[in-house]
file work-v5.pdb (PDB, C-alpha atoms)
ATOM      1  CA  MET B   1     120.409-151.528  35.922
ATOM      2  CA  ILE B   2     123.684-149.658  36.046
ATOM      3  CA  PRO B   3     123.081-146.468  38.052
ATOM      4  CA  SER B   4     124.787-143.374  36.693
ATOM      5  CA  GLY B   5     124.034-141.112  39.631
ATOM      6  CA  ASP B   6     121.833-138.869  37.486
ATOM      7  CA  VAL B   7     118.109-139.313  38.122
ATOM      8  CA  SER B   8     117.097-138.262  34.598
ATOM      9  CA  ASN B   9     119.388-140.919  33.138
ATOM     10  CA  ASP B  10     118.750-143.783  35.553
ATOM     11  CA  TYR B  11     115.299-144.551  34.141
ATOM     12  CA  VAL B  12     114.915-146.092  30.709
ATOM     13  CA  ARG B  13     112.693-144.028  28.432
ATOM     14  CA  GLY B  14     111.209-144.522  25.024
ATOM     15  CA  GLU B  15     107.996-145.112  23.143
ATOM     16  CA  ALA B  16     106.105-148.297  22.378
ATOM     17  CA  PHE B  17     103.422-148.817  19.730
ATOM     18  CA  LEU B  18     101.767-152.196  20.200
ATOM     19  CA  ASN B  19      99.300-154.027  18.002
ATOM     20  CA  GLU B  20      96.663-156.411  19.303
ATOM     21  CA  ASP B  21      98.267-159.502  17.746
ATOM     22  CA  GLY B  22     101.007-160.603  20.170
ATOM     23  CA  SER B  23     102.580-162.986  17.652
ATOM     24  CA  LYS B  24     103.755-160.227  15.296
ATOM     25  CA  PRO B  25     107.454-159.264  15.152
ATOM     26  CA  ASN B  26     108.783-156.649  17.568
ATOM     27  CA  VAL B  27     111.073-153.967  16.140
ATOM     28  CA  ILE B  28     113.354-151.985  18.463
ATOM     29  CA  PHE B  29     114.856-148.788  17.029
ATOM     30  CA  VAL B  30     117.972-147.410  18.720
ATOM     31  CA  HIS B  31     118.679-143.797  17.727
ATOM     32  CA  GLY B  32     121.944-142.199  16.689
ATOM     33  CA  TRP B  33     124.208-139.780  18.531
ATOM     34  CA  ARG B  34     122.959-136.192  18.783
ATOM     35  CA  MET B  35     119.648-137.022  17.122
ATOM     36  CA  LYS B  36     116.964-134.660  18.344
ATOM     37  CA  GLY B  37     114.305-137.369  18.466
ATOM     38  CA  PHE B  38     112.757-140.238  16.557
ATOM     39  CA  ASP B  39     110.881-138.104  13.998
ATOM     40  CA  ARG B  40     113.108-138.982  11.018
ATOM     41  CA  VAL B  41     113.065-142.679  11.847
ATOM     42  CA  LYS B  42     109.298-142.594  12.225
ATOM     43  CA  LYS B  43     108.898-140.876   8.834
ATOM     44  CA  ILE B  44     110.887-143.630   7.155
ATOM     45  CA  PHE B  45     109.698-146.743   8.982
ATOM     46  CA  HIS B  46     106.744-146.223  11.281
ATOM     47  CA  ASN B  47     103.762-146.292   8.928
ATOM     48  CA  SER B  48     105.090-149.079   6.727
ATOM     49  CA  ILE B  49     106.037-151.342   9.645
ATOM     50  CA  MET B  50     103.382-150.470  12.212
ATOM     51  CA  ASN B  51     100.349-149.815  10.056
ATOM     52  CA  ASN B  52     101.000-151.873   6.917
ATOM     53  CA  LEU B  53     102.644-154.915   8.520
ATOM     54  CA  GLY B  54     101.065-154.657  11.965
ATOM     55  CA  TRP B  55     104.359-155.156  13.796
ATOM     56  CA  ASN B  56     105.088-153.772  17.256
ATOM     57  CA  MET B  57     107.438-150.780  17.406
ATOM     58  CA  TYR B  58     109.714-149.746  20.262
ATOM     59  CA  TYR B  59     111.781-146.562  20.244
ATOM     60  CA  TYR B  60     114.510-147.004  22.857
ATOM     61  CA  THR B  61     116.364-143.953  24.212
ATOM     62  CA  LEU B  62     120.086-144.445  24.877
ATOM     63  CA  PRO B  63     121.654-143.206  28.145
ATOM     64  CA  TYR B  64     122.085-139.411  28.273
ATOM     65  CA  PRO B  65     120.366-138.191  25.066
ATOM     66  CA  LEU B  66     116.800-136.944  24.582
ATOM     67  CA  GLU B  67     114.603-137.443  27.689
ATOM     68  CA  ARG B  68     117.584-138.865  29.581
ATOM     69  CA  GLN B  69     119.738-135.738  29.105
ATOM     70  CA  PRO B  70     121.034-134.325  32.415
ATOM     71  CA  GLU B  71     120.524-130.632  33.120
ATOM     72  CA  ALA B  72     124.306-130.098  33.244
ATOM     73  CA  SER B  73     124.698-131.407  29.679
ATOM     74  CA  LEU B  74     125.223-128.797  26.961
ATOM     75  CA  TYR B  75     123.555-130.948  24.277
ATOM     76  CA  SER B  76     121.683-134.207  23.948
ATOM     77  CA  GLY B  77     124.109-137.108  24.221
ATOM     78  CA  GLU B  78     127.104-135.102  25.448
ATOM     79  CA  PHE B  79     127.652-137.473  28.391
ATOM     80  CA  MET B  80     127.180-140.669  26.338
ATOM     81  CA  VAL B  81     130.289-140.202  24.195
ATOM     82  CA  SER B  82     132.920-137.821  25.532
ATOM     83  CA  VAL B  83     136.561-137.418  26.523
ATOM     84  CA  ASN B  84     135.640-139.014  29.857
ATOM     85  CA  ILE B  85     136.509-142.575  28.773
ATOM     86  CA  ASN B  86     135.242-144.223  31.972
ATOM     87  CA  ARG B  87     131.828-142.571  31.613
ATOM     88  CA  THR B  88     131.698-143.467  27.906
ATOM     89  CA  VAL B  89     132.393-147.151  28.701
ATOM     90  CA  GLU B  90     129.861-147.138  31.552
ATOM     91  CA  SER B  91     127.294-145.437  29.315
ATOM     92  CA  THR B  92     127.794-148.145  26.702
ATOM     93  CA  ARG B  93     127.411-150.843  29.335
ATOM     94  CA  GLN B  94     124.305-149.121  30.646
ATOM     95  CA  ALA B  95     122.882-148.997  27.107
ATOM     96  CA  ILE B  96     123.506-152.735  26.667
ATOM     97  CA  VAL B  97     121.948-153.634  30.032
ATOM     98  CA  ASP B  98     118.924-151.402  29.361
ATOM     99  CA  LEU B  99     118.472-152.822  25.867
ATOM    100  CA  ARG B 100     118.732-156.381  27.186
ATOM    101  CA  ALA B 101     116.065-155.607  29.784
ATOM    102  CA  LEU B 102     113.744-154.400  27.012
ATOM    103  CA  ILE B 103     114.461-157.516  24.948
ATOM    104  CA  ARG B 104     113.794-159.713  27.984
ATOM    105  CA  TRP B 105     110.484-157.905  28.614
ATOM    106  CA  ILE B 106     109.426-158.386  24.992
ATOM    107  CA  LYS B 107     110.348-162.090  25.062
ATOM    108  CA  ASN B 108     108.384-162.567  28.288
ATOM    109  CA  ASN B 109     105.301-160.648  27.113
ATOM    110  CA  LYS B 110     105.119-161.043  23.323
ATOM    111  CA  GLN B 111     105.334-164.060  21.030
ATOM    112  CA  GLY B 112     106.919-162.636  17.888
ATOM    113  CA  PRO B 113     110.627-162.406  17.102
ATOM    114  CA  VAL B 114     112.695-159.395  18.172
ATOM    115  CA  ILE B 115     114.378-157.273  15.487
ATOM    116  CA  ILE B 116     116.837-154.552  16.546
ATOM    117  CA  ILE B 117     117.731-151.671  14.228
ATOM    118  CA  GLY B 118     120.371-149.147  15.230
ATOM    119  CA  ILE B 119     121.339-145.909  13.529
ATOM    120  CA  SER B 120     124.849-144.474  14.011
ATOM    121  CA  LEU B 121     125.580-144.772  17.760
ATOM    122  CA  GLY B 122     122.497-146.980  17.972
ATOM    123  CA  GLY B 123     124.104-149.327  15.456
ATOM    124  CA  PHE B 124     127.260-149.416  17.558
ATOM    125  CA  THR B 125     125.126-150.291  20.594
ATOM    126  CA  VAL B 126     123.272-153.043  18.738
ATOM    127  CA  VAL B 127     126.534-154.602  17.495
ATOM    128  CA  ASN B 128     127.946-154.515  21.030
ATOM    129  CA  GLU B 129     124.849-156.328  22.251
ATOM    130  CA  PHE B 130     126.751-159.469  21.227
ATOM    131  CA  ASN B 131     130.267-158.342  22.228
ATOM    132  CA  PRO B 132     131.890-160.652  24.843
ATOM    133  CA  PHE B 133     133.199-157.564  26.694
ATOM    134  CA  PHE B 134     129.626-156.835  27.809
ATOM    135  CA  ARG B 135     129.004-159.967  29.856
ATOM    136  CA  ASN B 136     128.325-160.398  33.544
ATOM    137  CA  PRO B 137     131.147-161.458  35.941
ATOM    138  CA  GLN B 138     130.373-165.156  35.351
ATOM    139  CA  ASN B 139     131.095-164.539  31.631
ATOM    140  CA  GLU B 140     127.478-165.273  30.691
ATOM    141  CA  GLN B 141     125.659-163.243  28.126
ATOM    142  CA  ILE B 142     122.801-161.468  29.873
ATOM    143  CA  ILE B 143     120.062-162.206  27.317
TER     144      ILE B 143
END

call {"tool": "encode", "arguments": {"input": "work-v5.pdb", "output": "structure tokens"}}
result
Amino acid sequence: MIPSGDVSNDYVRGEAFLNEDGSKPNVIFVHGWRMKGFDRVKKIFHNSIMNNLGWNMYYYTLPYPLERQPEASLYSGEFMVSVNINRTVESTRQAIVDLRALIRWIKNNKQGPVIIIGISLGGFTVVNEFNPFFRNPQNEQII
């Protein structure tokens, strides 16, 4: 975990919808910047993937938006991407570390493959999941 100093942000939040069959694929959705929630994503994907295919669904909340929004923030996600470059970089790192922890949990507790889908800022986060800049000091990828 990369602590941000804000209690509301230092805990990973999200939703999980799990089926009984542990061998089914696991789909992680990472939302976009300034989205007000996962409602639109759920309308498009949830029933077809969860109910029709029986796959597990995880809705991961990035640092600072939605439930992780600090009280001092004027809008959801304001502190994730801002003119404060250091905080923006640290927020991105925090998002990668948090996402990797979720992936690690899924791999340790479920049998199916992991599929990650990102929208807007979520897509940027997913792509950076494999960026060499986001490695630990020994230059090892954290997954």

call {"tool": "closest_atom_pairs", "arguments": {"input": "work-v5.pdb", "of": "segment 11-99 of chain B", "to": "segment 104-114 of chain B", "cutoff": "12 Å", "atoms": "all atoms listed in the file", "output": "CSV"}}
result
residue,atom,partner,partner_atom,distance
B:Ala16,CA,B:Ile106,CA,10.9
B:Leu18,CA,B:Lys110,CA,10.0
B:Asn19,CA,B:Lys110,CA,10.6
B:Glu20,CA,B:Lys110,CA,10.4
B:Asp21,CA,B:Lys110,CA,9.0
B:Gly22,CA,B:Lys110,CA,5.2
B:Ser23,CA,B:Gly112,CA,4.4
B:Lys24,CA,B:Gly112,CA,4.7
B:Pro25,CA,B:Gly112,CA,4.4
B:Asn26,CA,B:Val114,CA,4.8
B:Val27,CA,B:Val114,CA,6.0
B:Ile28,CA,B:Val114,CA,7.4
B:Phe29,CA,B:Val114,CA,10.9
B:Gly54,CA,B:Gly112,CA,11.5
B:Trp55,CA,B:Gly112,CA,8.9
B:Asn56,CA,B:Gly112,CA,9.1
B:Met57,CA,B:Val114,CA,10.1
B:Tyr58,CA,B:Ile106,CA,9.9
B:Val97,CA,B:Arg104,CA,10.4
B:Asp98,CA,B:Arg104,CA,9.9
B:Leu99,CA,B:Arg104,CA,8.6

call {"tool": "resolve_selection", "arguments": {"input": "work-v5.pdb", "expression": "the PyMOL selection byres ((chain B and resi 67-75) around 12)", "output": "number ranges by chain"}}
result
B: 4-15, 33-38, 60-66, 76-82, 91, 95

call {"tool": "closest_residue", "arguments": {"input": "work-v5.pdb", "among": "B:Ile103, B:Pro3, B:Arg93, B:Arg40", "to": "Ile115 of chain B", "atoms": "all atoms listed in the file"}}
result
B:Ile103

call {"tool": "atom_distance", "arguments": {"input": "work-v5.pdb", "atom1": "atom CA of Ser48 of chain B", "atom2": "atom CA of Val127 of chain B"}}
result
24.6 Å

call {"tool": "atom_distance", "arguments": {"input": "work-v5.pdb", "atom1": "atom CA of Leu53 of chain B", "atom2": "atom CA of Phe17 of chain B"}}
result
12.8 Å

call {"tool": "atom_distance", "arguments": {"input": "work-v5.pdb", "atom1": "atom CA of Ile119 of chain B", "atom2": "atom CA of Gly32 of chain B"}}
result
4.9 Å

call {"tool": "axis_aligned_box", "arguments": {"input": "work-v5.pdb", "around": "segment 43-55 of chain B", "padding_each_side": "6 Å", "output": "AutoDock Vina command-line options"}}
result
--center_x 105.6 --center_y -148.0 --center_z 10.3 --size_x 22.5 --size_y 26.3 --size_z 19.1

call {"tool": "resolve_selection", "arguments": {"input": "work-v5.pdb", "expression": "the PyMOL selection byres ((chain B and resi 126) around 9)", "output": "ChimeraX atom specification"}}
result
/B:30,96,99,116-118,121-125,127-130
